[in-house]
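J.: Input model.txt, format and content: compact mmCIF, C-alpha atoms and all ligand atoms.
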# COMPACT_ATOMS: atom_id res chain seq x y z
CA MET A 1 -33.58 28.92 7.89
CA ASP A 2 -32.58 32.59 8.24
CA ASP A 3 -28.99 31.60 7.44
CA VAL A 4 -30.12 29.75 4.31
CA GLU A 5 -32.17 32.72 3.14
CA ARG A 6 -29.22 35.05 3.69
CA ALA A 7 -27.01 32.61 1.77
CA ALA A 8 -29.53 32.55 -1.11
CA THR A 9 -29.48 36.36 -1.33
CA ARG A 10 -25.67 36.39 -1.32
CA LEU A 11 -25.43 33.72 -3.98
CA GLU A 12 -27.63 35.76 -6.30
CA GLU A 13 -24.63 38.13 -6.62
CA VAL A 14 -22.46 35.45 -8.22
CA SER A 15 -24.56 32.68 -9.75
CA GLU A 16 -27.77 31.91 -11.59
CA PRO A 17 -30.21 29.32 -10.22
CA THR A 18 -29.57 25.89 -11.75
CA PRO A 19 -32.39 24.44 -13.90
CA LEU A 20 -35.07 22.14 -12.51
CA GLN A 21 -36.04 19.82 -15.36
CA ARG A 22 -38.66 17.09 -15.70
CA SER A 23 -37.14 13.73 -16.64
CA ALA A 24 -39.34 11.94 -19.17
CA ARG A 25 -37.20 8.78 -18.91
CA LEU A 26 -37.33 8.47 -15.11
CA SER A 27 -40.99 9.48 -14.97
CA ALA A 28 -41.84 6.66 -17.42
CA LEU A 29 -39.59 4.21 -15.54
CA THR A 30 -41.14 4.88 -12.12
CA GLY A 31 -44.71 6.06 -12.85
CA LEU A 32 -43.87 9.18 -10.81
CA GLU A 33 -43.36 12.79 -11.89
CA VAL A 34 -39.58 12.96 -11.62
CA TRP A 35 -37.71 16.28 -11.67
CA LEU A 36 -33.95 16.75 -11.75
CA LYS A 37 -32.21 19.61 -9.96
CA ARG A 38 -29.30 20.07 -12.37
CA GLU A 39 -26.39 21.00 -10.08
CA ASP A 40 -24.05 19.62 -12.76
CA LEU A 41 -24.89 22.82 -14.69
CA ASN A 42 -23.43 25.05 -11.99
CA GLU A 43 -20.26 26.93 -12.92
CA VAL A 44 -18.18 24.50 -10.84
CA ARG A 45 -20.23 21.55 -12.15
CA SER A 46 -21.50 20.67 -8.68
CA TYR A 47 -23.41 22.37 -5.85
CA LYS A 48 -20.16 22.81 -3.89
CA GLY A 49 -19.69 26.49 -4.74
CA ARG A 50 -22.82 27.31 -2.69
CA GLY A 51 -21.43 26.30 0.69
CA ALA A 52 -17.90 27.54 0.04
CA TYR A 53 -19.11 30.95 -1.17
CA THR A 54 -21.51 31.31 1.78
CA LEU A 55 -18.74 30.63 4.28
CA ILE A 56 -16.08 32.80 2.65
CA ALA A 57 -18.41 35.74 1.93
CA SER A 58 -19.42 35.80 5.62
CA LEU A 59 -15.83 36.32 6.91
CA SER A 60 -14.78 39.58 8.54
CA ASP A 61 -12.31 41.87 6.75
CA GLU A 62 -9.56 40.69 9.09
CA GLU A 63 -10.32 37.01 8.38
CA ARG A 64 -10.44 37.69 4.65
CA ALA A 65 -7.03 39.29 4.85
CA ARG A 66 -5.58 36.14 6.46
CA GLY A 67 -7.03 33.95 3.69
CA VAL A 68 -8.64 30.51 3.81
CA THR A 69 -7.52 26.91 3.42
CA CYS A 70 -9.06 23.53 2.66
CA ALA A 71 -8.14 19.99 1.74
CA SER A 72 -10.05 18.19 -0.97
CA ALA A 73 -9.55 15.70 -3.76
CA GLY A 74 -12.21 17.22 -5.95
CA ASN A 75 -15.41 19.20 -5.99
CA HIS A 76 -15.02 21.07 -2.71
CA ALA A 77 -11.67 22.46 -3.87
CA GLN A 78 -13.35 23.72 -7.04
CA GLY A 79 -16.08 25.37 -4.96
CA VAL A 80 -13.49 27.08 -2.75
CA ALA A 81 -11.49 28.22 -5.79
CA PHE A 82 -14.63 29.70 -7.37
CA ALA A 83 -15.61 31.46 -4.13
CA CYS A 84 -12.13 32.92 -3.61
CA ALA A 85 -11.96 34.34 -7.13
CA ARG A 86 -15.40 35.97 -6.62
CA THR A 87 -14.69 37.40 -3.16
CA GLY A 88 -11.03 38.32 -3.70
CA VAL A 89 -9.83 36.11 -0.83
CA ARG A 90 -6.60 34.10 -1.04
CA ALA A 91 -6.74 30.34 -0.56
CA ARG A 92 -4.16 27.67 -0.03
CA ILE A 93 -5.73 24.40 -1.20
CA PHE A 94 -4.07 21.10 -0.30
CA LEU A 95 -4.58 18.21 -2.69
CA PRO A 96 -3.42 14.62 -2.30
CA ARG A 97 -0.88 13.51 -4.93
CA THR A 98 -3.54 11.20 -6.43
CA THR A 99 -5.73 14.13 -7.58
CA PRO A 100 -6.08 13.77 -11.37
CA ARG A 101 -4.43 16.41 -13.54
CA GLN A 102 -7.82 17.43 -14.99
CA LYS A 103 -9.07 18.35 -11.50
CA ARG A 104 -5.90 20.28 -10.64
CA GLN A 105 -6.33 22.24 -13.86
CA ARG A 106 -10.00 23.01 -13.14
CA ILE A 107 -9.13 24.27 -9.64
CA ALA A 108 -6.36 26.47 -11.02
CA ALA A 109 -8.60 27.80 -13.81
CA LEU A 110 -11.48 28.65 -11.42
CA GLY A 111 -9.26 30.20 -8.73
CA GLY A 112 -6.78 32.07 -10.95
CA ASP A 113 -4.22 34.09 -8.99
CA TRP A 114 -6.25 33.83 -5.79
CA VAL A 115 -5.50 30.18 -5.29
CA ASP A 116 -2.28 28.50 -4.37
CA VAL A 117 -2.47 24.73 -4.91
CA VAL A 118 -0.18 22.56 -2.78
CA ILE A 119 0.20 18.85 -3.34
CA GLY A 120 0.14 17.80 0.30
CA GLY A 121 0.81 14.08 0.60
CA ASP A 122 -0.23 10.68 -0.68
CA THR A 123 -3.77 10.51 0.72
CA TYR A 124 -6.65 12.83 1.53
CA ASP A 125 -5.81 12.48 5.24
CA ASP A 126 -2.25 13.75 4.56
CA ALA A 127 -3.69 16.74 2.69
CA ALA A 128 -6.16 17.43 5.53
CA LEU A 129 -3.32 17.39 8.09
CA ALA A 130 -1.23 19.75 5.95
CA SER A 131 -4.21 22.12 5.63
CA ALA A 132 -4.84 22.09 9.41
CA THR A 133 -1.14 22.78 10.07
CA TRP A 134 -1.21 25.68 7.62
CA ALA A 135 -4.35 27.10 9.30
CA ALA A 136 -2.64 26.98 12.72
CA GLU A 137 0.59 28.57 11.41
CA SER A 138 -0.90 31.28 9.22
CA GLY A 139 -4.26 32.07 10.81
CA ALA A 140 -6.04 31.13 7.57
CA THR A 141 -9.69 30.13 8.10
CA PRO A 142 -10.42 26.45 7.34
CA VAL A 143 -13.34 25.91 4.92
CA PRO A 144 -14.90 22.54 5.88
CA ALA A 145 -16.56 20.56 3.08
CA PHE A 146 -19.62 19.62 5.13
CA ASP A 147 -19.22 19.97 8.90
CA ASP A 148 -19.86 23.69 9.37
CA PRO A 149 -23.18 25.58 9.75
CA ARG A 150 -22.11 28.14 7.11
CA THR A 151 -21.30 25.45 4.54
CA ILE A 152 -24.58 23.71 5.37
CA ALA A 153 -26.59 26.94 5.00
CA GLY A 154 -25.12 27.43 1.51
CA GLN A 155 -25.97 23.89 0.43
CA GLY A 156 -29.51 24.43 1.74
CA THR A 157 -30.09 26.96 -1.05
CA VAL A 158 -30.56 23.98 -3.40
CA ALA A 159 -33.85 23.38 -1.57
CA THR A 160 -35.03 27.01 -1.59
CA GLU A 161 -34.44 27.12 -5.35
CA VAL A 162 -36.32 23.84 -5.89
CA LEU A 163 -39.36 25.11 -3.98
CA ASP A 164 -39.36 28.43 -5.86
CA GLN A 165 -39.00 26.71 -9.23
CA LEU A 166 -41.58 23.97 -8.62
CA GLY A 167 -44.04 26.48 -7.18
CA THR A 168 -45.48 23.81 -4.89
CA ALA A 169 -44.15 21.32 -2.34
CA PRO A 170 -42.92 18.04 -3.86
CA ASP A 171 -44.07 14.71 -2.41
CA ALA A 172 -40.47 13.54 -2.04
CA VAL A 173 -36.91 14.78 -2.45
CA VAL A 174 -33.97 12.43 -2.99
CA VAL A 175 -30.55 13.75 -1.91
CA PRO A 176 -27.08 12.18 -2.26
CA VAL A 177 -25.14 11.87 0.99
CA GLY A 178 -21.39 11.96 1.58
CA GLY A 179 -20.45 13.83 4.75
CA GLY A 180 -24.09 14.96 4.99
CA GLY A 181 -23.77 18.73 4.38
CA LEU A 182 -26.18 18.88 1.44
CA LEU A 183 -28.74 16.68 3.18
CA ALA A 184 -28.54 18.74 6.40
CA GLY A 185 -29.06 22.06 4.59
CA MET A 186 -31.98 20.73 2.55
CA LEU A 187 -33.61 19.15 5.63
CA VAL A 188 -33.70 22.52 7.39
CA VAL A 189 -35.48 24.16 4.45
CA LEU A 190 -37.88 21.32 3.70
CA ALA A 191 -38.88 20.94 7.36
CA GLU A 192 -39.82 24.61 7.42
CA ARG A 193 -41.35 25.13 4.00
CA ALA A 194 -42.50 21.68 2.79
CA SER A 195 -42.90 19.64 5.94
CA ALA A 196 -45.06 16.97 4.28
CA ALA A 197 -42.34 16.16 1.72
CA ARG A 198 -40.60 12.85 2.32
CA VAL A 199 -36.81 13.24 2.27
CA LEU A 200 -34.67 10.30 1.23
CA GLY A 201 -30.88 10.38 1.70
CA ALA A 202 -29.02 8.10 -0.74
CA GLU A 203 -25.59 6.74 0.20
CA PRO A 204 -23.26 4.47 -1.77
CA ALA A 205 -23.45 0.89 -0.43
CA GLY A 206 -19.66 0.85 0.01
CA ALA A 207 -19.58 4.03 2.11
CA ALA A 208 -22.80 4.18 4.13
CA SER A 209 -21.43 6.34 6.95
CA MET A 210 -24.74 8.14 7.68
CA ALA A 211 -26.59 4.84 8.13
CA ALA A 212 -23.75 3.68 10.42
CA ALA A 213 -24.04 6.89 12.46
CA VAL A 214 -27.78 6.44 12.90
CA VAL A 215 -27.26 2.87 14.16
CA ALA A 216 -24.42 3.93 16.48
CA GLY A 217 -26.20 7.03 17.81
CA GLY A 218 -23.48 9.38 16.49
CA PRO A 219 -20.82 9.71 13.77
CA VAL A 220 -18.51 6.69 13.62
CA GLU A 221 -15.58 5.83 11.37
CA LEU A 222 -16.24 3.12 8.79
CA GLU A 223 -13.59 0.40 8.79
CA SER A 224 -13.40 0.24 5.03
CA VAL A 225 -14.74 2.40 2.23
CA ASP A 226 -15.31 1.68 -1.45
CA SER A 227 -14.03 4.89 -3.03
CA PHE A 228 -15.77 4.39 -6.40
CA VAL A 229 -18.49 6.99 -5.70
CA ASP A 230 -15.70 9.42 -4.87
CA GLY A 231 -17.75 12.55 -4.06
CA ALA A 232 -19.80 10.64 -1.48
CA ALA A 233 -17.27 8.09 -0.21
CA VAL A 234 -16.81 9.60 3.24
CA ARG A 235 -15.45 7.53 6.14
CA ARG A 236 -17.17 9.55 8.89
CA ILE A 237 -20.07 11.97 8.55
CA GLY A 238 -20.04 15.35 10.27
CA GLU A 239 -21.40 16.21 13.73
CA HIS A 240 -23.63 19.01 12.40
CA PRO A 241 -25.14 16.86 9.62
CA TYR A 242 -25.75 14.07 12.13
CA GLU A 243 -27.58 16.50 14.40
CA ALA A 244 -29.86 17.57 11.49
CA VAL A 245 -30.59 13.94 10.63
CA ARG A 246 -31.33 13.08 14.27
CA ARG A 247 -33.73 16.00 14.51
CA HIS A 248 -35.57 15.57 11.20
CA GLY A 249 -35.34 11.77 10.75
CA PRO A 250 -35.16 11.46 6.95
CA ASP A 251 -35.37 8.03 5.30
CA LEU A 252 -32.00 6.64 4.26
CA THR A 253 -31.14 4.14 1.57
CA THR A 254 -27.94 2.59 0.24
CA VAL A 255 -27.40 2.19 -3.48
CA PRO A 256 -25.06 -0.50 -4.87
CA GLU A 257 -22.19 0.96 -6.90
CA GLY A 258 -23.20 -1.16 -9.93
CA MET A 259 -26.69 0.38 -9.88
CA VAL A 260 -25.09 3.86 -9.86
CA CYS A 261 -23.17 2.82 -12.97
CA VAL A 262 -26.30 1.59 -14.78
CA GLU A 263 -27.91 4.97 -14.05
CA MET A 264 -24.78 6.92 -15.14
CA LEU A 265 -24.94 5.15 -18.50
CA ASP A 266 -28.67 5.85 -18.91
CA LEU A 267 -28.12 9.50 -18.05
CA TYR A 268 -25.36 9.65 -20.64
CA GLN A 269 -26.89 7.54 -23.42
CA SER A 270 -30.57 8.51 -23.10
CA ASP A 271 -30.49 12.00 -21.65
CA GLY A 272 -27.10 13.33 -22.79
CA ILE A 273 -26.19 14.16 -19.18
CA ILE A 274 -22.67 13.67 -17.85
CA ALA A 275 -23.06 12.79 -14.18
CA GLU A 276 -20.25 11.78 -11.87
CA PRO A 277 -20.97 8.74 -9.65
CA ALA A 278 -22.12 10.86 -6.67
CA GLY A 279 -24.21 12.93 -9.09
CA ALA A 280 -26.13 9.82 -10.20
CA LEU A 281 -26.77 8.49 -6.67
CA ALA A 282 -30.20 10.10 -6.20
CA THR A 283 -31.65 9.05 -9.55
CA ALA A 284 -30.11 5.58 -9.15
CA ALA A 285 -31.97 5.27 -5.83
CA LEU A 286 -35.28 5.56 -7.75
CA ARG A 287 -34.56 2.15 -9.29
CA GLN A 288 -35.12 0.57 -5.88
CA GLY A 289 -38.70 1.90 -5.76
CA LEU A 290 -39.97 4.70 -3.52
CA ASP A 291 -43.30 3.30 -2.41
CA LEU A 292 -45.22 6.44 -3.38
CA PRO A 293 -48.63 6.69 -5.11
CA PRO A 294 -48.36 6.86 -8.93
CA GLY A 295 -47.97 10.39 -10.24
CA SER A 296 -46.32 11.69 -7.04
CA THR A 297 -43.85 14.52 -7.60
CA VAL A 298 -40.25 13.57 -6.78
CA VAL A 299 -37.23 15.86 -7.04
CA CYS A 300 -33.79 14.21 -7.35
CA VAL A 301 -30.67 16.29 -6.81
CA LEU A 302 -28.24 15.56 -9.65
CA SER A 303 -25.40 16.93 -7.59
CA GLY A 304 -22.38 16.96 -9.90
CA GLY A 305 -20.97 16.30 -13.35
CA ASN A 306 -17.20 16.25 -12.88
CA ASN A 307 -16.62 12.86 -14.47
CA ASP A 308 -13.33 12.13 -16.13
CA VAL A 309 -14.04 10.53 -19.53
CA SER A 310 -11.53 7.76 -18.80
CA ARG A 311 -13.82 6.47 -16.04
CA TYR A 312 -16.59 5.40 -18.41
CA ALA A 313 -14.79 2.10 -19.25
CA GLU A 314 -15.01 1.06 -15.58
CA VAL A 315 -18.56 2.40 -15.32
CA TRP A 316 -19.58 0.28 -18.33
CA GLU A 317 -17.91 -2.81 -16.86
CA ARG A 318 -19.53 -2.41 -13.42
CA ALA A 319 -22.92 -1.79 -15.02
CA LEU A 320 -22.73 -5.01 -17.07
CA VAL A 321 -21.71 -7.04 -14.01
CA HIS A 322 -24.50 -5.48 -11.93
CA GLU A 323 -27.07 -6.36 -14.59
CA GLY A 324 -25.84 -9.97 -14.73
CA LEU A 325 -24.62 -9.58 -18.31
CA LYS A 326 -20.90 -10.08 -17.73
CA HIS A 327 -19.31 -13.04 -15.98
CA TYR A 328 -15.82 -14.37 -15.39
CA PHE A 329 -14.73 -18.01 -15.04
CA LEU A 330 -11.59 -19.99 -14.35
CA VAL A 331 -11.67 -22.87 -16.83
CA GLU A 332 -9.28 -25.85 -16.61
CA PHE A 333 -8.59 -26.81 -20.23
CA PRO A 334 -7.18 -30.22 -21.11
CA GLN A 335 -3.83 -29.45 -22.76
CA GLU A 336 -4.66 -31.19 -26.01
CA PRO A 337 -5.44 -29.94 -29.49
CA GLY A 338 -9.13 -29.15 -30.06
CA ALA A 339 -9.98 -28.38 -26.40
CA LEU A 340 -10.70 -24.72 -27.06
CA ARG A 341 -12.78 -25.54 -30.15
CA ARG A 342 -14.93 -27.93 -28.09
CA PHE A 343 -15.44 -25.21 -25.47
CA LEU A 344 -16.62 -22.81 -28.16
CA ASP A 345 -18.89 -25.38 -29.84
CA GLU A 346 -20.34 -27.17 -26.85
CA VAL A 347 -20.33 -24.69 -23.96
CA LEU A 348 -20.82 -21.20 -25.38
CA GLY A 349 -24.31 -20.27 -26.55
CA PRO A 350 -24.87 -18.64 -29.96
CA ASP A 351 -25.10 -15.12 -28.51
CA ASP A 352 -22.46 -15.46 -25.75
CA ASP A 353 -19.45 -13.28 -26.47
CA ILE A 354 -15.92 -13.92 -25.15
CA VAL A 355 -14.55 -10.57 -23.96
CA LEU A 356 -11.46 -11.82 -22.10
CA PHE A 357 -9.30 -14.91 -22.57
CA GLU A 358 -6.02 -15.32 -20.67
CA TYR A 359 -4.28 -18.68 -21.06
CA VAL A 360 -0.71 -19.82 -20.60
CA LYS A 361 0.25 -23.28 -21.88
CA ARG A 362 2.06 -25.28 -19.15
CA SER A 363 4.46 -28.09 -19.91
CA ASN A 364 4.28 -31.43 -18.09
CA ARG A 365 0.67 -30.83 -16.97
CA GLU A 366 -2.56 -32.40 -18.19
CA THR A 367 -4.64 -29.25 -17.83
CA GLY A 368 -3.99 -25.52 -18.00
CA PRO A 369 -6.18 -22.80 -16.44
CA ALA A 370 -7.71 -19.97 -18.47
CA LEU A 371 -9.43 -16.86 -17.20
CA VAL A 372 -12.45 -16.35 -19.44
CA GLY A 373 -14.81 -13.34 -19.50
CA VAL A 374 -18.18 -13.82 -21.19
CA GLU A 375 -20.74 -11.15 -22.06
CA LEU A 376 -24.34 -12.31 -22.46
CA GLN A 377 -27.12 -10.74 -24.53
CA ASP A 378 -29.67 -11.53 -21.83
CA ARG A 379 -29.17 -12.30 -18.14
CA ALA A 380 -31.47 -15.36 -18.60
CA ASP A 381 -28.69 -16.93 -20.72
CA TYR A 382 -26.53 -17.41 -17.58
CA ARG A 383 -28.24 -20.52 -16.16
CA PRO A 384 -28.11 -22.47 -19.46
CA LEU A 385 -24.43 -21.49 -19.80
CA LEU A 386 -23.69 -22.89 -16.32
CA ASP A 387 -25.63 -26.08 -17.17
CA ARG A 388 -23.58 -26.60 -20.35
CA MET A 389 -20.38 -26.03 -18.33
CA ASP A 390 -21.50 -28.66 -15.78
CA ALA A 391 -22.26 -31.14 -18.55
CA SER A 392 -18.85 -30.64 -20.19
CA PRO A 393 -15.69 -32.46 -19.03
CA LEU A 394 -14.06 -29.09 -18.22
CA ARG A 395 -13.63 -27.94 -14.65
CA VAL A 396 -15.16 -24.47 -14.46
CA GLU A 397 -15.18 -22.13 -11.48
CA PRO A 398 -17.20 -18.88 -11.67
CA VAL A 399 -15.20 -15.90 -10.36
CA SER A 400 -17.35 -14.17 -7.75
CA PRO A 401 -17.47 -10.34 -7.78
CA ASP A 402 -16.33 -10.46 -4.12
CA SER A 403 -13.12 -12.39 -4.83
CA PRO A 404 -9.67 -10.75 -5.05
CA LEU A 405 -9.28 -12.14 -8.58
CA PHE A 406 -12.34 -10.16 -9.65
CA ARG A 407 -10.67 -6.94 -8.56
CA PHE A 408 -7.84 -7.91 -10.93
CA VAL A 409 -10.17 -8.17 -13.95
CA GLN A 410 -12.00 -4.96 -13.08
C1 LIG A 501 -21.18 15.60 -6.63
C2 LIG A 501 -21.33 15.38 -5.16
N1 LIG A 501 -22.47 14.86 -4.70
C3 LIG A 501 -22.66 14.62 -3.39
C4 LIG A 501 -21.66 14.87 -2.46
C5 LIG A 501 -21.90 14.59 -1.00
O1 LIG A 501 -22.07 15.77 -0.31
P1 LIG A 501 -22.09 15.98 1.29
O2 LIG A 501 -20.69 15.74 1.76
O3 LIG A 501 -22.54 17.37 1.44
O4 LIG A 501 -23.04 14.97 1.84
C6 LIG A 501 -20.46 15.44 -2.89
C7 LIG A 501 -19.38 15.77 -1.95
O5 LIG A 501 -18.28 16.12 -2.31
C8 LIG A 501 -20.28 15.69 -4.28
O6 LIG A 501 -19.13 16.21 -4.75
Using structure tokens, write down the structure that the file contains.
Ligand SMILES: Cc1ncc(COP(=O)(O)O)c(C=O)c1O

T.:
Amino acid sequence: MDDVERAATRLEEVSEPTPLQRSARLSALTGLEVWLKREDLNEVRSYKGRGAYTLIASLSDEERARGVTCASAGNHAQGVAFACARTGVRARIFLPRTTPRQKRQRIAALGGDWVDVVIGGDTYDDAALASATWAAESGATPVPAFDDPRTIAGQGTVATEVLDQLGTAPDAVVVPVGGGGLLAGMLVVLAERASAARVLGAEPAGAASMAAAVVAGGPVELESVDSFVDGAAVRRIGEHPYEAVRRHGPDLTTVPEGMVCVEMLDLYQSDGIIAEPAGALATAALRQGLDLPPGSTVVCVLSGGNNDVSRYAEVWERALVHEGLKHYFLVEFPQEPGALRRFLDEVLGPDDDIVLFEYVKRSNRETGPALVGVELQDRADYRPLLDRMDASPLRVEPVSPDSPLFRFVQ
């Protein structure tokens, strides 16, 4: 707690507190008093500058002179770049080749001459290895994204700010979880200053490495990870975050990626907030219900807003599928004139919209397969559509979201 308080004092030198805002939409949706901690409005558009600045500002003069290094595909690199420009410390930041140009530009703009960006391999693991090698060769200090007490103390300042701004202890706090640094820092503060508050850690369903660690009794590597919620898609949580979770025992929940997308769209369309997938995890978790008395005060950490605009097409698609409004089918059409017209007249309902149709006419065959995507107005229209398909002479096979073919259409 002392470390967090020291970090909060240090951060006052370089940043303003982020706003804590009541969400009318989420309060109405849940019957709770929902507040958003707007970390997307930080200078680096996520809370990541807090931990990086805390670590770098605490280095000795000798360590500062040797510089720092990190590997990251996104927000952590921006936090380190920001911290280096503010402290006058040099950084060598290793990025995997897949890092989008927009992120490279943001890192360069935040770090200016203090930051040297190196494209260090094809994957994050390659970049991490290159960063570790550079640290060993040069004596540069590594800046871990989550598994370091200094990083964790910096992230904990999100909680001290929330308590100061709210002026009273909330009934619950919902925190997104990747490697667990933010959750660990906030747990320390809440245990000390708001011990009755329930803390809920929200992980993406495709990368629930904290839940896996709790089951296994320590951090374990997930066999596979869905990287869609990129900020929080971490294969193995940190030792320090695990220790904090073991000690304080927060509740944990997993949020399906499609539900994150539905929430990202609501944040954008209703509230005018650009949230990246990890940034929408906490508010998306509210959709699963919190089991709290009506009117309880809940703070959700909206942790970041670095969303590339080109991602919204996929977000829209995943949201429609999650809500049962978009479906794909393989349809065997008789290869005879009028077959498509009959499908339109007899199988599709008046409000069903074809959004994809891929068909190749085959010679010397009686039927030809088509991949058909249909968007419904209402999820209740799905059953009648399937019934009409069954009653028709066509052979129709729904494409399940788990199948490899579905990954092709998404
Ligand atoms: C926007 C955002 N939210 C949440 C997380 C998860 O944070 P942690 O690794 O501290 O659990 C990250 C991590 O990069 C992030 O960028």

J.: Could you list, as a list in words, all protein and nucleic acid residues with an atom at most 7 Å from ligand LIG 501 (chain A), counting all atoms listed in the file?

T.: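 So the residues close to ligand LIG 501 (chain A) are Ser46, Lys48, Asn75, His76, Ala145, Phe146, Pro176, Val177, Gly178, Gly179, Gly180, Gly181, Leu182, Leu183, Gly231, Ala232, Glu276, Ala278, Gly279, Ser303, Gly304 and Gly305 of chain A.
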
J.: Would you mind telling me which residue in A:Glu137, A:Glu332, A:Asp381, A:Asp402 lies nearest to Glu358 of chain A when using all atoms listed in the file?

T.: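 Among the listed residues, the smallest separation from Glu358 of chain A belongs to A:Glu332.
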
J.: I want to know what sits within 7 Å of segment 374-379 of chain A, based on all atoms listed in the file, with residues of the same chain fewer than 2 positions away left out; could you give that as a PDB file with C-alpha atoms, in the coordinates of the input?

T.:
ATOM      1  CA  GLY A 324     -25.840  -9.970 -14.730  1.00  0.00           C
ATOM      2  CA  LEU A 325     -24.620  -9.580 -18.310  1.00  0.00           C
ATOM      3  CA  LYS A 326     -20.900 -10.080 -17.730  1.00  0.00           C
ATOM      4  CA  HIS A 327     -19.310 -13.040 -15.980  1.00  0.00           C
ATOM      5  CA  TYR A 328     -15.820 -14.370 -15.390  1.00  0.00           C
ATOM      6  CA  ASP A 351     -25.100 -15.120 -28.510  1.00  0.00           C
ATOM      7  CA  ASP A 352     -22.460 -15.460 -25.750  1.00  0.00           C
ATOM      8  CA  ASP A 353     -19.450 -13.280 -26.470  1.00  0.00           C
ATOM      9  CA  ILE A 354     -15.920 -13.920 -25.150  1.00  0.00           C
ATOM     10  CA  VAL A 355     -14.550 -10.570 -23.960  1.00  0.00           C
ATOM     11  CA  VAL A 372     -12.450 -16.350 -19.440  1.00  0.00           C
ATOM     12  CA  ASP A 381     -28.690 -16.930 -20.720  1.00  0.00           C
ATOM     13  CA  TYR A 382     -26.530 -17.410 -17.580  1.00  0.00           C
TER      14      TYR A 382
END

J.: Quick one: of A:Leu265, A:Leu55, A:Val143, A:Val115, who's nearest to Ala280 of chain A, counting all atoms listed in the file?

T.: A:Leu265

J.: Show which residues sit within 12 Å of Ala191 of chain A, as a PyMOL selection string. Count all atoms listed in the file, and ignore same-chain residues fewer than 3 positions away.

T.: chain A and resi 1+156+159-160+169+173+183-188+194-199+244-245+247-250

J.: Using only C-alpha atoms, determine which residues lie at most 7 Å from Leu281 of chain A, disregarding the query and same-chain residues fewer than 3 positions distant; provide the list as number ranges by chain.

T.: A: 176, 202, 260, 277-278, 284-285

J.: Pull the neighbourhood of (2.8, 18.2, -0.3) for me: all residues within 8 Å in file coordinates, counting all atoms listed in the file, as a count of residues only.

T.: 10

J.: Would you mind listing what lies within 12 Å of Glu13 of chain A as a list in words, with all atoms listed in the file counted and same-chain residues fewer than 3 positions away left out?

T.: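 Within the cut-off, the hits are Arg6, Ala7, Ala8, Thr9, Arg10, Glu16, Pro17, Arg50, Tyr53, Thr54, Ala57, Ala83, Arg86 and Thr87 of chain A.
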